[in-house]
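Just below is one structure, and these are the notes that go with it.
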Amino acid sequence: MVNGKTLYLSPFQGITDAAYRNGFRIFFGGIDKFYCPYISGITGHRVSRSKVRDLQPEKNNLADTVPQVLSKDADEILRVANHIYDWGYTELNWNLGCPFPRVAKKARGSGLLPHLDKIREILECVMPTLKIRFSIKLRSGYQTHEDVFRIIEVLNDYPLHEIILHPRTGKQIYRGSAQPEIFKQVAGRTTHRMIYNGDLFSNKDLERIKAICRPHGWMVGRGALRYPFLPSTLKGQLWEEKSMRKALEGFHVHLSEDALSRLQGRVQFLDRMKPVWAYMCHTFEEPLKVYRKIRKTHTIEEYLTVANEIIQHFPIRHESEPFSERNSVLDGNYP
Ligand SMILES: Cc1cc2nc3c(=O)[nH]c(=O)nc-3n(C[C@H](O)[C@H](O)[C@H](O)COP(=O)(O)O)c2cc1C
């Protein structure tokens, strides 16, 4: 079980936008803080509206929502920080975890992890000037886990709000499994609040990780996208089938109405909704069958009919599936 206000939803570019976060809060619950997908490329003096549209205060619950920046430029980080501070946010998160080669090769995200001097230089510049809390989400290294042991020495010199550690290297992308042992060793070398992220898919996973390390809090990602009842279940809530279907229906209506109001045409609409199902299909007994049915739809009407049929009638899982290295990379990559 997870105690207290310590369960966070991790950010997913293209999926966990404001409508997703708000829908999750309303229909599934269990999440104490929602981390937003990163923003980047904030060049020039002004923050362009299109980059921060998803963070507009009127679309978000400022009290539990944390914007994230991906950058290796102190001025850019400060520009974003000041902008969201003016909007009423209380925390900014810095992404040092993104593993994707087009990001990491430019020494951003997890690609910045081997560059200790650069990380220190950025913190030296931003920390004295920041008006809001600053947290960091990182992987345990780029090529090797050894990076994180050097990095934590640097981070210990600054008053960070929290550190969220996903103990995999950037090079691993999602291969292998997250390493709670590494998390434990890092947590032993710092007094910062340490949040655990990585491969938390079920209560069994929680107990497995807890037997190794004792984080101050938890961040759940694919596990919650696959099985949105997971966060509340980890906090002890019991769900009956009727209320599960009602929650799925409400969430789906919320998400699709947002997409219909915001996006133009069937292609954009389907491109928004289908990736959600690449994860959410795991809420049902036969995920592959569910995902294939969704993937085959070509019009908005056809999609809505199929999605409703699945939500109302397909057998639902009553327990989330624990992490397995074998299927860890299947999300969104079904044949
Ligand atoms: C498609 C995709 C997009 C992601 N976007 C972000 C992002 O914008 N910012 C971030 O910090 N992490 C991002 N992540 C990483 C997840 O937030 C999370 O840290 C990772 O999946 C490990 O947690 P999990 O094992 O609980 O899923 C993304 C992952 C995927 C697969």
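Labels for the structure tokens follow display order: chains A, B, ..., residues from 1 in each chain, ligands from 1.
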
### Query
Where does DSSP see helix (DSSP H, G or I) in segment 90-249 of chain A, if you list the residues as a PyMOL selection string?
chain A and resi 101-104+109-112+116-126+146-155+170-172+180-187+203-210+222-226+230-234+241-249

Residue selection dump (C-alpha atoms) as a PDB file, in the first residue's frame:
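Resulting contents of part-v1.pdb:
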```pdb
ATOM      1  CA  PRO A 101      18.450   9.366 -29.242  1.00  0.00           C
ATOM      2  CA  ARG A 102      17.358  12.561 -31.027  1.00  0.00           C
ATOM      3  CA  VAL A 103      17.215  14.258 -27.582  1.00  0.00           C
ATOM      4  CA  ALA A 104      20.048  12.478 -25.763  1.00  0.00           C
ATOM      5  CA  GLY A 109      17.564  14.668 -21.098  1.00  0.00           C
ATOM      6  CA  SER A 110      19.570  11.578 -20.084  1.00  0.00           C
ATOM      7  CA  GLY A 111      22.268  12.715 -22.548  1.00  0.00           C
ATOM      8  CA  LEU A 112      23.215  15.480 -20.094  1.00  0.00           C
ATOM      9  CA  LEU A 116      28.592  17.002 -14.470  1.00  0.00           C
ATOM     10  CA  ASP A 117      30.162  20.412 -14.986  1.00  0.00           C
ATOM     11  CA  LYS A 118      27.309  21.506 -17.198  1.00  0.00           C
ATOM     12  CA  ILE A 119      24.705  20.305 -14.675  1.00  0.00           C
ATOM     13  CA  ARG A 120      26.498  22.220 -11.903  1.00  0.00           C
ATOM     14  CA  GLU A 121      26.832  25.333 -14.065  1.00  0.00           C
ATOM     15  CA  ILE A 122      23.090  25.298 -14.790  1.00  0.00           C
ATOM     16  CA  LEU A 123      22.168  24.793 -11.131  1.00  0.00           C
ATOM     17  CA  GLU A 124      24.584  27.555 -10.031  1.00  0.00           C
ATOM     18  CA  CYS A 125      22.797  29.912 -12.363  1.00  0.00           C
ATOM     19  CA  VAL A 126      19.149  28.954 -11.802  1.00  0.00           C
ATOM     20  CA  GLU A 146      27.853   5.017 -12.308  1.00  0.00           C
ATOM     21  CA  ASP A 147      26.775   8.473 -13.537  1.00  0.00           C
ATOM     22  CA  VAL A 148      24.139   8.823 -10.842  1.00  0.00           C
ATOM     23  CA  PHE A 149      26.619   8.400  -7.979  1.00  0.00           C
ATOM     24  CA  ARG A 150      28.625  11.374  -9.244  1.00  0.00           C
ATOM     25  CA  ILE A 151      25.497  13.384  -9.986  1.00  0.00           C
ATOM     26  CA  ILE A 152      24.011  12.954  -6.534  1.00  0.00           C
ATOM     27  CA  GLU A 153      27.148  14.579  -5.062  1.00  0.00           C
ATOM     28  CA  VAL A 154      26.428  17.632  -7.215  1.00  0.00           C
ATOM     29  CA  LEU A 155      22.702  17.677  -6.427  1.00  0.00           C
ATOM     30  CA  GLY A 170      19.238   6.182 -20.989  1.00  0.00           C
ATOM     31  CA  LYS A 171      20.919   3.688 -23.311  1.00  0.00           C
ATOM     32  CA  GLN A 172      18.617   0.958 -22.021  1.00  0.00           C
ATOM     33  CA  PRO A 180      15.620  -0.694  -7.009  1.00  0.00           C
ATOM     34  CA  GLU A 181      19.079  -1.604  -5.634  1.00  0.00           C
ATOM     35  CA  ILE A 182      20.577   1.394  -7.446  1.00  0.00           C
ATOM     36  CA  PHE A 183      17.815   3.598  -6.063  1.00  0.00           C
ATOM     37  CA  LYS A 184      18.589   2.382  -2.548  1.00  0.00           C
ATOM     38  CA  GLN A 185      22.282   3.176  -2.893  1.00  0.00           C
ATOM     39  CA  VAL A 186      21.589   6.668  -4.226  1.00  0.00           C
ATOM     40  CA  ALA A 187      18.994   7.395  -1.516  1.00  0.00           C
ATOM     41  CA  ASN A 203       0.631  -4.098  -5.942  1.00  0.00           C
ATOM     42  CA  LYS A 204       3.029  -7.050  -6.258  1.00  0.00           C
ATOM     43  CA  ASP A 205       5.582  -4.759  -7.926  1.00  0.00           C
ATOM     44  CA  LEU A 206       5.132  -2.226  -5.126  1.00  0.00           C
ATOM     45  CA  GLU A 207       5.839  -4.873  -2.484  1.00  0.00           C
ATOM     46  CA  ARG A 208       8.814  -6.220  -4.464  1.00  0.00           C
ATOM     47  CA  ILE A 209      10.385  -2.758  -4.713  1.00  0.00           C
ATOM     48  CA  LYS A 210       9.550  -1.869  -1.092  1.00  0.00           C
ATOM     49  CA  ARG A 222       2.857   2.973 -17.876  1.00  0.00           C
ATOM     50  CA  GLY A 223       1.223   1.021 -15.043  1.00  0.00           C
ATOM     51  CA  ALA A 224      -1.404   3.760 -14.614  1.00  0.00           C
ATOM     52  CA  LEU A 225      -1.865   4.291 -18.341  1.00  0.00           C
ATOM     53  CA  ARG A 226      -2.407   0.573 -18.822  1.00  0.00           C
ATOM     54  CA  LEU A 230      -3.902   1.112 -10.261  1.00  0.00           C
ATOM     55  CA  PRO A 231      -3.163   4.351  -8.328  1.00  0.00           C
ATOM     56  CA  SER A 232      -6.379   4.265  -6.284  1.00  0.00           C
ATOM     57  CA  THR A 233      -6.002   0.507  -5.759  1.00  0.00           C
ATOM     58  CA  LEU A 234      -2.475   1.042  -4.442  1.00  0.00           C
ATOM     59  CA  GLU A 241     -17.173  -3.853 -12.105  1.00  0.00           C
ATOM     60  CA  LYS A 242     -20.100  -1.457 -12.498  1.00  0.00           C
ATOM     61  CA  SER A 243     -18.158   1.502 -11.137  1.00  0.00           C
ATOM     62  CA  MET A 244     -15.094   0.557 -13.215  1.00  0.00           C
ATOM     63  CA  ARG A 245     -17.129   0.663 -16.429  1.00  0.00           C
ATOM     64  CA  LYS A 246     -18.723   3.946 -15.356  1.00  0.00           C
ATOM     65  CA  ALA A 247     -15.281   5.472 -14.681  1.00  0.00           C
ATOM     66  CA  LEU A 248     -13.910   4.241 -18.022  1.00  0.00           C
ATOM     67  CA  GLU A 249     -16.951   5.624 -19.812  1.00  0.00           C
TER      68      GLU A 249
END
```

Neighbours of ligand 1 within 7 Å, counting only C-alpha atoms and all ligand atoms, as a compact mmCIF listing (two decimals) with C-alpha atoms, in the first residue's frame?
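So pocket_30.txt came out as:
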```txt
# COMPACT_ATOMS: atom_id res chain seq x y z
CA SER A 10 4.53 10.45 -14.68
CA PRO A 11 4.47 12.49 -17.88
CA PHE A 12 3.93 11.01 -21.35
CA GLN A 13 4.46 13.23 -24.38
CA GLY A 14 1.39 12.95 -26.62
CA CYS A 36 3.25 17.37 -17.42
CA PRO A 37 5.07 16.26 -20.58
CA TYR A 38 8.17 18.37 -21.12
CA ASN A 95 13.94 16.49 -17.26
CA GLY A 97 15.80 11.38 -18.11
CA CYS A 98 14.59 11.45 -21.70
CA LYS A 137 13.49 13.69 -12.79
CA HIS A 166 14.09 6.02 -12.70
CA ASN A 197 9.90 5.66 -10.75
CA GLY A 198 10.06 2.58 -12.97
CA ASP A 199 8.16 -0.66 -13.62
CA LEU A 200 5.46 -0.14 -11.02
CA MET A 219 5.77 7.94 -9.49
CA VAL A 220 3.72 5.62 -11.66
CA GLY A 221 3.76 5.74 -15.46
CA ARG A 222 2.86 2.97 -17.88
CA GLY A 223 1.22 1.02 -15.04
```

### Message
Would you pick out the contacts of Ile84 of chain A at 9 Å or less, using only C-alpha atoms, so that residues sharing its chain but fewer than 2 positions from it are not included, and give the list as a VMD selection string?
### Response
chain A and resid 52 55 to 57 67 79 to 82 86 to 92 132

### Query
Skipping near chain neighbours, those fewer than 6 positions away, what residues fall within 6 Å of Tyr8 of chain A using only C-alpha atoms, listed as number ranges by chain?
A: 31-34, 219

### Task
Just the strand (DSSP E or B) stuff from segment 66-100 of chain A, please, per backbone DSSP, written as a PyMOL selection string.
chain A and resi 66-69+91-96

### Task
Compare A:Trp94, A:Phe284, A:Tyr279, A:Trp239 by their minimum atom-to-atom distance to Asp73 of chain A, counting only C-alpha atoms, and give me the closest one.
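Using only C-alpha atoms, the shortest distance to Asp73 of chain A belongs to A:Trp94.
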